[in-house]
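Peer 1: Input data-v6.txt, format and content: compact mmCIF, C-alpha atoms.
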```txt
# COMPACT_ATOMS: atom_id res chain seq x y z
CA MET A 1173 -15.57 26.90 -39.40
CA SER A 1174 -13.24 24.48 -41.15
CA LYS A 1175 -12.26 20.90 -40.49
CA ARG A 1176 -9.23 19.17 -41.88
CA PHE A 1177 -8.07 15.58 -41.41
CA GLY A 1178 -4.38 15.63 -42.23
CA GLU A 1179 -4.12 16.88 -45.78
CA LYS A 1180 -7.80 16.47 -46.52
CA LEU A 1181 -10.02 19.52 -46.08
CA VAL A 1182 -13.49 18.17 -45.28
CA LEU A 1183 -15.32 21.36 -44.34
CA ASP A 1184 -14.06 24.61 -45.83
CA ASP A 1185 -15.11 27.86 -44.20
CA LEU A 1186 -18.64 26.75 -43.39
CA ASP A 1187 -20.82 29.57 -42.07
CA LEU A 1188 -24.00 28.30 -40.46
CA VAL A 1189 -26.41 29.55 -37.81
CA VAL A 1190 -29.15 27.21 -36.63
CA PRO A 1191 -31.73 29.16 -34.62
CA ARG A 1192 -33.39 27.58 -31.61
CA GLY A 1193 -36.22 25.39 -32.87
CA GLY A 1194 -34.74 25.20 -36.36
CA PHE A 1195 -34.88 21.91 -38.23
CA VAL A 1196 -32.03 21.87 -40.72
CA LEU A 1197 -31.48 19.13 -43.26
CA VAL A 1198 -27.90 18.55 -44.30
CA THR A 1199 -27.51 16.96 -47.71
CA GLY A 1200 -24.64 16.21 -50.03
CA PRO A 1201 -22.77 13.35 -51.65
CA ASN A 1202 -20.68 10.83 -49.75
CA GLY A 1203 -17.59 12.45 -48.30
CA SER A 1204 -19.03 15.95 -48.38
CA GLY A 1205 -18.70 16.35 -44.61
CA LYS A 1206 -22.24 15.70 -43.31
CA THR A 1207 -21.13 13.29 -40.60
CA THR A 1208 -18.14 15.46 -39.74
CA LEU A 1209 -20.44 18.46 -39.25
CA LEU A 1210 -22.67 16.51 -36.85
CA ARG A 1211 -19.68 15.17 -34.91
CA LEU A 1212 -18.29 18.68 -34.65
CA CYS A 1213 -21.60 19.93 -33.25
CA ALA A 1214 -21.68 17.01 -30.78
CA GLY A 1215 -18.20 17.88 -29.55
CA LEU A 1216 -16.67 14.64 -30.78
CA PHE A 1217 -14.42 16.59 -33.15
CA ALA A 1218 -12.86 20.00 -32.73
CA PRO A 1219 -12.76 22.44 -35.66
CA THR A 1220 -9.32 23.05 -37.13
CA GLY A 1221 -10.24 26.60 -38.11
CA GLY A 1222 -12.86 29.14 -37.13
CA GLU A 1223 -15.28 28.88 -34.26
CA LEU A 1224 -18.14 26.65 -33.27
CA GLU A 1225 -20.59 27.60 -30.58
CA VAL A 1226 -23.26 25.15 -29.46
CA GLU A 1227 -25.62 26.55 -26.85
CA ALA A 1228 -26.92 23.17 -25.74
CA SER A 1229 -25.01 21.41 -22.97
CA ARG A 1230 -23.79 17.84 -23.40
CA ALA A 1231 -26.76 16.59 -21.39
CA ALA A 1232 -29.15 18.28 -23.83
CA ILE A 1233 -27.72 16.77 -27.03
CA GLY A 1234 -29.22 13.69 -28.63
CA PHE A 1235 -26.74 12.18 -31.09
CA LEU A 1236 -27.53 9.44 -33.58
CA GLY A 1237 -24.48 8.31 -35.51
CA HIS A 1238 -23.73 5.56 -37.98
CA GLU A 1239 -23.22 3.14 -35.10
CA PRO A 1240 -25.85 2.41 -32.45
CA LEU A 1241 -23.49 3.16 -29.52
CA VAL A 1242 -24.78 0.21 -27.50
CA TYR A 1243 -23.00 -2.76 -25.93
CA ARG A 1244 -23.60 -6.02 -27.77
CA GLU A 1245 -23.40 -8.11 -24.60
CA LEU A 1246 -26.01 -6.06 -22.75
CA THR A 1247 -29.73 -6.28 -23.34
CA ALA A 1248 -31.69 -3.41 -24.86
CA LEU A 1249 -33.05 -2.47 -21.43
CA GLU A 1250 -29.64 -2.71 -19.75
CA ASN A 1251 -28.11 -0.44 -22.38
CA LEU A 1252 -30.78 2.20 -21.91
CA ASP A 1253 -30.56 1.81 -18.14
CA LEU A 1254 -26.80 2.48 -18.28
CA TYR A 1255 -27.33 5.63 -20.35
CA GLY A 1256 -30.19 6.64 -18.05
CA ARG A 1257 -27.82 6.42 -15.07
CA LEU A 1258 -25.12 8.45 -16.81
CA TYR A 1259 -27.69 11.12 -17.78
CA ARG A 1260 -29.02 10.95 -14.19
CA LEU A 1261 -32.59 10.52 -15.33
CA PRO A 1262 -35.34 10.13 -12.77
CA GLU A 1263 -37.50 7.03 -13.42
CA ARG A 1264 -35.04 5.90 -16.07
CA ARG A 1265 -36.45 2.37 -16.23
CA GLU A 1266 -39.93 3.68 -16.95
CA ARG A 1267 -38.62 6.05 -19.63
CA ALA A 1268 -36.59 3.28 -21.21
CA GLY A 1269 -39.56 0.93 -21.15
CA ALA A 1270 -41.87 3.51 -22.69
CA LEU A 1271 -39.43 4.23 -25.53
CA LEU A 1272 -38.81 0.54 -26.20
CA GLU A 1273 -42.54 0.02 -26.40
CA ARG A 1274 -43.00 3.02 -28.71
CA PHE A 1275 -40.31 1.79 -31.09
CA GLY A 1276 -41.59 -1.78 -31.08
CA LEU A 1277 -38.75 -3.33 -29.08
CA TRP A 1278 -40.58 -4.14 -25.86
CA ARG A 1279 -40.68 -7.87 -26.54
CA ALA A 1280 -36.94 -7.87 -27.25
CA ARG A 1281 -36.07 -5.74 -24.21
CA ASN A 1282 -34.28 -8.57 -22.41
CA GLU A 1283 -32.38 -9.83 -25.44
CA ARG A 1284 -28.72 -9.00 -25.93
CA THR A 1285 -28.30 -6.46 -28.69
CA GLY A 1286 -25.68 -8.65 -30.36
CA THR A 1287 -28.61 -10.72 -31.62
CA PHE A 1288 -30.47 -7.70 -33.04
CA SER A 1289 -30.97 -7.07 -36.75
CA ARG A 1290 -29.75 -3.83 -38.33
CA GLY A 1291 -33.23 -2.34 -38.14
CA MET A 1292 -33.69 -3.28 -34.49
CA LEU A 1293 -30.32 -1.74 -33.65
CA GLN A 1294 -31.37 1.47 -35.39
CA ARG A 1295 -34.61 1.52 -33.42
CA LEU A 1296 -32.65 1.00 -30.20
CA ALA A 1297 -30.24 3.75 -31.21
CA LEU A 1298 -33.24 6.05 -31.64
CA CYS A 1299 -34.48 5.08 -28.16
CA ARG A 1300 -31.02 5.96 -26.79
CA THR A 1301 -31.05 9.27 -28.66
CA PHE A 1302 -34.46 10.32 -27.33
CA LEU A 1303 -34.05 8.83 -23.83
CA HIS A 1304 -33.06 12.06 -22.09
CA ASP A 1305 -35.47 14.36 -23.99
CA PRO A 1306 -32.71 16.32 -25.75
CA ASP A 1307 -33.13 19.93 -26.83
CA LEU A 1308 -30.71 19.53 -29.75
CA LEU A 1309 -30.96 16.54 -32.07
CA LEU A 1310 -28.02 15.57 -34.27
CA LEU A 1311 -29.25 12.77 -36.50
CA ASP A 1312 -27.05 11.10 -39.09
CA GLU A 1313 -29.13 9.17 -41.63
CA PRO A 1314 -31.89 8.42 -39.11
CA PHE A 1315 -33.91 6.29 -41.55
CA ASP A 1316 -30.99 3.95 -42.27
CA GLY A 1317 -32.00 0.34 -41.74
CA LEU A 1318 -35.57 1.17 -40.74
CA ASP A 1319 -38.52 -0.58 -42.35
CA THR A 1320 -41.71 1.32 -43.24
CA GLU A 1321 -43.14 0.92 -39.74
CA GLY A 1322 -39.88 2.06 -38.14
CA ALA A 1323 -39.74 5.10 -40.41
CA GLU A 1324 -43.32 6.01 -39.46
CA LEU A 1325 -42.49 5.64 -35.76
CA LEU A 1326 -39.54 7.98 -36.18
CA GLN A 1327 -41.68 10.51 -38.05
CA ALA A 1328 -44.24 10.37 -35.25
CA GLU A 1329 -41.54 10.82 -32.60
CA LEU A 1330 -40.13 13.85 -34.41
CA ALA A 1331 -43.62 15.31 -34.81
CA GLU A 1332 -44.09 15.07 -31.03
CA ARG A 1333 -40.86 16.94 -30.48
CA ALA A 1334 -41.76 19.92 -32.62
CA SER A 1335 -39.87 22.42 -30.47
CA VAL A 1336 -36.44 20.76 -30.57
CA THR A 1337 -33.60 22.10 -32.65
CA ALA A 1338 -32.34 19.55 -35.14
CA LEU A 1339 -29.57 19.01 -37.63
CA VAL A 1340 -30.31 15.98 -39.77
CA ALA A 1341 -27.87 14.54 -42.30
CA THR A 1342 -29.77 12.65 -44.93
CA HIS A 1343 -29.68 11.34 -48.48
CA ASP A 1344 -33.46 11.46 -48.54
CA PRO A 1345 -34.50 15.05 -47.80
CA GLU A 1346 -38.02 14.39 -49.12
CA ALA A 1347 -38.78 12.23 -46.09
CA LEU A 1348 -38.35 15.19 -43.73
CA ALA A 1349 -39.17 18.05 -46.09
CA ALA A 1350 -42.39 18.90 -44.26
CA ARG A 1351 -40.52 19.45 -40.98
CA SER A 1352 -37.46 21.22 -42.26
CA THR A 1353 -36.93 24.95 -41.83
CA ALA A 1354 -33.76 25.06 -43.92
CA CYS A 1355 -31.59 22.81 -46.04
CA LEU A 1356 -27.82 22.92 -46.16
CA ALA A 1357 -26.30 21.32 -49.24
CA LEU A 1358 -22.65 20.39 -48.83
CA ALA A 1359 -20.59 19.80 -51.92
CA MET B 973 -23.29 8.13 -2.93
CA SER B 974 -22.14 11.11 -4.97
CA ALA B 975 -23.10 11.30 -8.63
CA TYR B 976 -19.46 10.79 -9.62
CA ALA B 977 -19.11 7.65 -7.49
CA ALA B 978 -22.44 6.35 -8.83
CA ASP B 979 -21.20 6.83 -12.43
CA VAL B 980 -17.93 5.05 -11.65
CA ALA B 981 -19.77 2.19 -9.94
CA ALA B 982 -22.20 1.82 -12.87
CA LEU B 983 -19.37 1.78 -15.41
CA ALA B 984 -17.22 -0.69 -13.44
CA ARG B 985 -20.20 -2.97 -12.84
CA LYS B 986 -20.97 -2.85 -16.57
CA ASP B 987 -17.40 -3.94 -17.44
CA ILE B 988 -17.56 -6.87 -15.04
CA LEU B 989 -20.99 -7.88 -16.37
CA LEU B 990 -19.69 -7.73 -19.95
CA GLU B 991 -16.80 -10.02 -19.00
CA VAL B 992 -19.07 -12.45 -17.13
CA ARG B 993 -21.18 -12.74 -20.28
CA SER B 994 -18.56 -12.70 -23.01
CA ARG B 995 -15.63 -14.38 -21.18
CA ASP B 996 -13.33 -12.70 -23.67
CA THR B 997 -10.52 -11.51 -21.43
CA LEU B 998 -10.16 -13.27 -18.08
CA PRO B 999 -9.90 -16.87 -19.35
CA ALA B 1000 -7.15 -15.78 -21.75
CA MET B 1001 -5.32 -13.99 -18.93
CA LEU B 1002 -5.58 -17.04 -16.67
CA LEU B 1003 -4.40 -19.43 -19.35
CA PHE B 1004 -1.52 -17.16 -20.27
CA VAL B 1005 -0.21 -16.59 -16.74
CA VAL B 1006 -0.37 -20.26 -15.77
CA SER B 1007 1.26 -21.30 -19.07
CA ALA B 1008 4.01 -18.71 -18.66
CA LEU B 1009 4.80 -19.83 -15.11
CA THR B 1010 4.83 -23.48 -16.23
CA ILE B 1011 7.26 -22.68 -19.05
CA PHE B 1012 9.48 -20.67 -16.70
CA HIS B 1013 9.43 -23.58 -14.22
CA PHE B 1014 10.91 -25.91 -16.79
CA ALA B 1015 13.12 -23.30 -18.47
CA LEU B 1016 14.92 -22.05 -15.37
CA PRO B 1017 17.81 -24.28 -14.22
CA SER B 1018 17.36 -25.86 -10.80
CA GLY B 1019 18.95 -23.83 -8.06
CA SER B 1020 18.19 -20.51 -9.77
CA SER B 1021 18.31 -17.48 -7.55
CA GLU B 1022 15.23 -16.12 -5.85
CA ARG B 1023 15.75 -12.92 -7.83
CA ALA B 1024 15.53 -14.79 -11.15
CA GLU B 1025 12.42 -16.69 -10.08
CA THR B 1026 10.69 -13.57 -8.82
CA GLY B 1027 11.68 -11.74 -11.98
CA MET B 1028 9.89 -14.42 -14.00
CA LEU B 1029 6.73 -13.91 -11.93
CA TRP B 1030 6.80 -10.18 -12.61
CA MET B 1031 7.37 -10.75 -16.31
CA ALA B 1032 4.33 -13.04 -16.33
CA ILE B 1033 2.23 -10.45 -14.47
CA VAL B 1034 3.18 -7.59 -16.80
CA PHE B 1035 2.47 -9.58 -19.97
CA THR B 1036 -0.78 -10.94 -18.53
CA ALA B 1037 -1.84 -7.37 -17.81
CA LEU B 1038 -0.89 -6.39 -21.35
CA LEU B 1039 -3.08 -9.19 -22.69
CA GLY B 1040 -6.02 -7.87 -20.67
CA LEU B 1041 -5.34 -4.28 -21.65
CA THR B 1042 -5.46 -5.08 -25.37
CA ARG B 1043 -9.12 -6.01 -24.80
CA ALA B 1044 -9.89 -3.14 -22.41
CA PHE B 1045 -11.78 -1.01 -24.95
CA ALA B 1046 -12.81 -3.80 -27.33
CA ALA B 1047 -16.49 -3.63 -26.34
CA GLU B 1048 -16.51 0.16 -26.74
CA ARG B 1049 -14.83 -0.07 -30.16
CA GLU B 1050 -17.30 -2.60 -31.55
CA GLU B 1051 -20.33 -0.34 -31.80
CA GLY B 1052 -18.73 3.04 -31.21
CA VAL B 1053 -19.92 3.02 -27.61
CA LEU B 1054 -17.07 5.22 -26.47
CA ASP B 1055 -18.73 8.09 -28.36
CA GLY B 1056 -21.91 7.46 -26.40
CA LEU B 1057 -20.05 7.51 -23.09
CA VAL B 1058 -18.08 10.63 -24.04
CA LEU B 1059 -21.29 12.41 -25.06
CA SER B 1060 -23.04 11.63 -21.79
CA PRO B 1061 -22.86 14.34 -19.13
CA CYS B 1062 -20.83 12.24 -16.71
CA ASP B 1063 -17.31 13.42 -15.92
CA ARG B 1064 -15.08 11.75 -18.52
CA SER B 1065 -12.58 10.74 -15.87
CA ALA B 1066 -15.34 8.50 -14.46
CA ILE B 1067 -15.07 6.42 -17.65
CA TRP B 1068 -11.35 5.93 -16.95
CA LEU B 1069 -11.88 5.16 -13.28
CA GLY B 1070 -14.65 2.64 -13.97
CA LYS B 1071 -12.51 0.91 -16.57
CA THR B 1072 -9.47 0.96 -14.25
CA ILE B 1073 -11.46 -0.65 -11.44
CA GLY B 1074 -12.69 -3.35 -13.83
CA MET B 1075 -9.14 -3.99 -15.06
CA THR B 1076 -7.84 -4.17 -11.48
CA VAL B 1077 -10.49 -6.78 -10.66
CA PHE B 1078 -9.40 -8.91 -13.66
CA LEU B 1079 -5.74 -8.60 -12.65
CA VAL B 1080 -6.48 -9.60 -9.05
CA LEU B 1081 -8.47 -12.61 -10.24
CA ALA B 1082 -5.61 -13.67 -12.53
CA GLU B 1083 -3.17 -13.33 -9.64
CA ILE B 1084 -5.37 -15.35 -7.29
CA VAL B 1085 -4.48 -18.21 -9.62
CA ALA B 1086 -0.96 -17.08 -10.53
CA LEU B 1087 0.46 -16.60 -7.04
CA PRO B 1088 -0.37 -20.11 -5.73
CA ALA B 1089 0.99 -21.50 -9.01
CA PHE B 1090 4.20 -19.54 -8.44
CA ALA B 1091 4.44 -20.88 -4.87
CA LEU B 1092 3.94 -24.39 -6.20
CA PHE B 1093 6.57 -24.12 -8.94
CA PHE B 1094 9.20 -21.91 -7.28
CA HIS B 1095 9.23 -20.79 -3.67
CA PRO B 1096 6.74 -19.83 -0.93
CA LEU B 1097 5.07 -16.43 -1.09
CA SER B 1098 5.95 -13.63 1.28
CA TRP B 1099 3.60 -10.91 2.45
CA ASP B 1100 5.93 -8.39 0.88
CA LEU B 1101 5.48 -10.04 -2.51
CA VAL B 1102 1.70 -10.09 -2.14
CA ALA B 1103 1.67 -6.42 -1.09
CA ALA B 1104 3.91 -5.49 -4.03
CA VAL B 1105 1.63 -7.32 -6.47
CA ALA B 1106 -1.45 -5.58 -5.05
CA LEU B 1107 0.22 -2.16 -5.37
CA ALA B 1108 1.51 -2.94 -8.84
CA ASP B 1109 -2.01 -3.86 -9.97
CA ILE B 1110 -3.24 -0.35 -9.22
CA GLY B 1111 -0.40 1.29 -11.15
CA ILE B 1112 -0.60 -1.12 -14.08
CA ALA B 1113 -4.38 -0.72 -14.38
CA SER B 1114 -4.19 3.09 -14.03
CA ILE B 1115 -1.62 3.83 -16.70
CA GLY B 1116 -2.56 0.78 -18.77
CA THR B 1117 -6.18 1.89 -19.14
CA LEU B 1118 -5.12 5.34 -20.30
CA LEU B 1119 -2.69 3.86 -22.84
CA ALA B 1120 -5.31 1.33 -23.97
CA ALA B 1121 -7.66 4.25 -24.70
CA ILE B 1122 -4.92 5.98 -26.71
CA ALA B 1123 -4.18 2.78 -28.62
CA ALA B 1124 -7.89 2.06 -29.20
CA ALA B 1125 -8.14 5.19 -31.32
CA SER B 1126 -5.31 3.99 -33.55
CA ARG B 1127 -5.42 1.52 -36.42
CA ALA B 1128 -2.16 -0.06 -35.22
CA ARG B 1129 -3.52 -0.57 -31.71
CA GLU B 1130 -2.05 -4.08 -31.24
CA LEU B 1131 1.40 -2.66 -31.95
CA LEU B 1132 0.99 0.67 -30.23
CA LEU B 1133 -0.15 -0.54 -26.82
CA PRO B 1134 2.92 -2.71 -26.04
CA LEU B 1135 5.19 0.04 -27.33
CA LEU B 1136 3.61 2.54 -24.96
CA PHE B 1137 2.95 0.26 -22.01
CA LEU B 1138 6.08 -1.87 -21.63
CA PRO B 1139 8.55 1.01 -21.07
CA LEU B 1140 6.24 2.45 -18.44
CA ALA B 1141 5.92 -0.98 -16.77
CA ILE B 1142 9.69 -1.23 -16.16
CA PRO B 1143 9.49 0.70 -12.86
CA VAL B 1144 6.76 -1.68 -11.70
CA VAL B 1145 9.03 -4.67 -12.32
CA ILE B 1146 11.97 -2.97 -10.57
CA GLY B 1147 9.81 -2.05 -7.57
CA GLY B 1148 8.06 -5.40 -7.52
CA VAL B 1149 11.20 -7.53 -7.68
CA GLY B 1150 12.93 -5.28 -5.15
CA ALA B 1151 10.04 -5.46 -2.69
CA SER B 1152 9.91 -9.24 -3.11
CA ILE B 1153 13.55 -10.03 -2.39
CA ALA B 1154 15.16 -7.08 -0.61
CA SER B 1155 15.93 -7.32 3.08
CA ASP B 1156 14.24 -3.94 3.52
CA PRO B 1157 11.22 -3.97 1.19
CA ALA B 1158 9.66 -0.79 2.61
CA SER B 1159 11.49 1.55 0.24
CA PHE B 1160 10.43 -0.49 -2.79
CA LEU B 1161 6.83 -0.64 -1.58
CA GLY B 1162 7.00 3.12 -1.07
CA PHE B 1163 8.28 3.47 -4.61
CA LEU B 1164 5.29 1.45 -5.89
CA ILE B 1165 2.89 3.64 -3.90
CA LEU B 1166 4.51 6.73 -5.44
CA TYR B 1167 4.26 5.18 -8.92
CA ASP B 1168 0.57 4.43 -8.33
CA GLY B 1169 -0.13 7.93 -7.11
CA VAL B 1170 1.69 9.73 -9.90
CA PHE B 1171 0.25 7.66 -12.75
CA ALA B 1172 -3.25 7.50 -11.29
CA ILE B 1173 -3.42 11.29 -11.03
CA LEU B 1174 -1.83 11.74 -14.46
CA SER B 1175 -4.23 9.29 -16.09
CA TRP B 1176 -7.28 10.64 -14.28
CA ALA B 1177 -6.48 14.19 -15.33
CA SER B 1178 -5.55 13.46 -18.93
CA PHE B 1179 -8.19 10.88 -19.94
CA GLU B 1180 -10.59 13.58 -21.17
CA TYR B 1181 -8.00 14.78 -23.70
CA VAL B 1182 -7.39 11.24 -24.89
CA VAL B 1183 -11.04 10.49 -25.71
CA THR B 1184 -11.81 13.84 -27.30
CA GLU B 1185 -10.06 15.31 -30.28
```
What would you get if you wrote out this structure as structure tokens?
Peer 2:
Amino acid sequence: MSKRFGEKLVLDDLDLVVPRGGFVLVTGPNGSGKTTLLRLCAGLFAPTGGELEVEASRAAIGFLGHEPLVYRELTALENLDLYGRLYRLPERRERAGALLERFGLWRARNERTGTFSRGMLQRLALCRTFLHDPDLLLLDEPFDGLDTEGAELLQAELAERASVTALVATHDPEALAARSTACLALA
Amino acid sequence: MSAYAADVAALARKDILLEVRSRDTLPAMLLFVVSALTIFHFALPSGSSERAETGMLWMAIVFTALLGLTRAFAAEREEGVLDGLVLSPCDRSAIWLGKTIGMTVFLVLAEIVALPAFALFFHPLSWDLVAAVALADIGIASIGTLLAAIAAASRARELLLPLLFLPLAIPVVIGGVGASIASDPASFLGFLILYDGVFAILSWASFEYVVTE
């Protein structure tokens, strides 16, 4: 698979198979195509050459990007409730509440996310990513902005979801080395 | 309620809630339309034709809509929320329909102020004019929301949206002015209904391709 933006070739003839249950770390310097690869797998980009087949449906993908993908004028709970509706989750309020509590945002659940710090937004983005119990996780720098406690909470969450397939772009592969089944280094 | 209708309702309700909280768009639209009508009132010579006066109203409506449309996807752009909506399993046309309903509500609210102001400054309203405005709102919001989504993906969005929207709004002005002043407004109202139908279907069907690469 290849991906080109105008004249710039970002991914050149990448050949990658991620087996079900695989936990693949994607590393490489800035501009090497880590984010592009995750966005391709999420369906946000289309490859310009080759083929990409993702077995998981849209409803089964949990995507964490550089941005939290939440509305600044809605509260944390309202944002998760909106996503819960769109993913047609049963007991979406309870799920949202449980995740907010797990990621230490319960007390801020009724605050608008425009007032959140970078770390709080990242925690909320993680809640959004895990809300619908995805089978395929696409995580782009998941530890960005997290403090030590937040990083531990994320590690614990990932440990609980041992059976999911994951593609994780990171500059810190050591943090997830114990979980990874393979590492893809982009140049 | 079907899942599709529930998604549309949730998305439209969210847009209205965002506006209630942020007050980013509607106050600007109200201020603009009243200011424009006031300027036209003093700019037009006394004894101007009904056609000229009605034309001014339609100009004000189109540019007020354009003002609202420039903000249509502002909240989604801020934190990349459009990606989140596109990734969700809801039908992507539901995103367009929810946004179009929200935009129609803002237009109607602006016109609830604009039409009495027009009656005060120029001449009394007719039912034909009100019907034409209501029909035009649907068409403007339908195609405008699609074009706003196209423009939102561009760096030159402030320039691109008027360039795309204004040529497509010309039929609305022709139909609207015609329905407002013609002795037989039915054909012009029919034209507006046709415009609404064509552009609503076109926008509904093509929105998915606009928000995905």
Peer 1: Excluding same-chain residues fewer than 5 positions from Val1182 of chain B, what lies within 8 Å of it counting all atoms listed in the file, as a PyMOL selection string?
Peer 2: chain B and resi 1118+1121-1122
Peer 1: Which distance in Å separates atom CA of Ala1270 of chain A and atom CA of Glu1245 of chain A, to one decimal?
Peer 2: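 Going from atom CA of Ala1270 of chain A over to atom CA of Glu1245 of chain A, I get 21.9 Å.
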Peer 1: Any chance you could tabulate, as a Markdown table, the residues of chain B at most 6 Å from chain A with each one's nearest atom pair and distance in Å to one decimal, using only C-alpha atoms, in chain and rising number order?
Peer 2:
```
| residue | atom | partner | partner_atom | distance |
| --- | --- | --- | --- | --- |
| B:Leu990 | CA | A:Glu1245 | CA | 6.0 |
| B:Glu1051 | CA | A:Leu1241 | CA | 5.2 |
| B:Gly1052 | CA | A:Leu1241 | CA | 5.1 |
| B:Val1053 | CA | A:Leu1241 | CA | 4.1 |
| B:Gly1056 | CA | A:Leu1241 | CA | 5.5 |
| B:Pro1061 | CA | A:Ala1231 | CA | 5.0 |
| B:Cys1062 | CA | A:Leu1258 | CA | 5.7 |
| B:Glu1185 | CA | A:Phe1217 | CA | 5.4 |
```
Peer 1: Considering only C-alpha atoms, return as an NGL selection string whatever protein or nucleic-acid residues lie within 10 Å of Leu1087 of chain B, sequence-local ones (same chain, fewer than 2 positions apart) excluded.
Peer 2: :B and (1005-1006 or 1009 or 1029 or 1033 or 1082-1085 or 1089-1093 or 1096-1097 or 1101-1102 or 1105)
Peer 1: Take atom CA of Gly1111 of chain B and atom CA of Thr1076 of chain B and report the distance between them in Å, one decimal.
Peer 2: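 Separating atom CA of Gly1111 of chain B from atom CA of Thr1076 of chain B is a distance of 9.2 Å.
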Peer 1: If we count all atoms listed in the file, what is near Ile1112 of chain B at a cut-off of 10 Å, once residues fewer than 4 positions away on the same chain are taken out, given as a ChimeraX atom specification?
Peer 2: /B:1033-1034,1037-1038,1041,1072,1075-1076,1079,1107-1108,1116-1117,1137,1140-1141,1144,1167-1168,1171-1172
Peer 1: (6.9, -1.3, -3.1) in this file's frame - what residues fall within 9 Å of it? Use only C-alpha atoms and give the answer as a PyMOL selection string.
Peer 2: chain B and resi 1100-1101+1103-1105+1107-1108+1144+1147-1152+1157-1166
Peer 1: Between A:Pro1345, A:Gly1205, A:Gly1178, A:Gly1194, which residue has the minimum interatomic distance to Thr1220 of chain A, considering only C-alpha atoms?
Peer 2: A:Gly1178
Peer 1: Taking all atoms listed in the file into account, name the residue in A:Ala1268, A:Ala1297, A:Leu1183, A:Leu1197 that is nearest to Arg1351 of chain A.
Peer 2: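 Result for the nearest residue to Arg1351 of chain A: A:Leu1197.
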Peer 1: Adding 6 Å on each side of the box along x, y and z that holds all listed atoms of segment 1266-1277 of chain A, could you give its centre and edge lengths in Å to one decimal, as AutoDock Vina command-line options?
Peer 2:
```
--center_x -39.8 --center_y 1.4 --center_z -24.0 --size_x 18.4 --size_y 21.4 --size_z 26.1
```
Peer 1: Tell me, in Å to one decimal, how far atom CA of Ala1047 of chain B is from atom CA of Trp1030 of chain B.
Peer 2: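 So the two atoms, atom CA of Ala1047 of chain B and atom CA of Trp1030 of chain B, lie 27.8 Å apart.
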Peer 1: Using only C-alpha atoms, collect all residues at a distance of at most 9 Å from (-29.8, -9.7, -28.4) as written in the file, then present them as a ChimeraX atom specification.
Peer 2: /A:1244-1248,1280-1289
Peer 1: Suppose we keep C-alpha atoms; can you now write the selection as a compact mmCIF listing (two decimals), in the frame of the given file?
Peer 2:
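Here's the written file again26.txt:
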```txt
# COMPACT_ATOMS: atom_id res chain seq x y z
CA ARG A 1244 -23.60 -6.02 -27.77
CA GLU A 1245 -23.40 -8.11 -24.60
CA LEU A 1246 -26.01 -6.06 -22.75
CA THR A 1247 -29.73 -6.28 -23.34
CA ALA A 1248 -31.69 -3.41 -24.86
CA ALA A 1280 -36.94 -7.87 -27.25
CA ARG A 1281 -36.07 -5.74 -24.21
CA ASN A 1282 -34.28 -8.57 -22.41
CA GLU A 1283 -32.38 -9.83 -25.44
CA ARG A 1284 -28.72 -9.00 -25.93
CA THR A 1285 -28.30 -6.46 -28.69
CA GLY A 1286 -25.68 -8.65 -30.36
CA THR A 1287 -28.61 -10.72 -31.62
CA PHE A 1288 -30.47 -7.70 -33.04
CA SER A 1289 -30.97 -7.07 -36.75
```
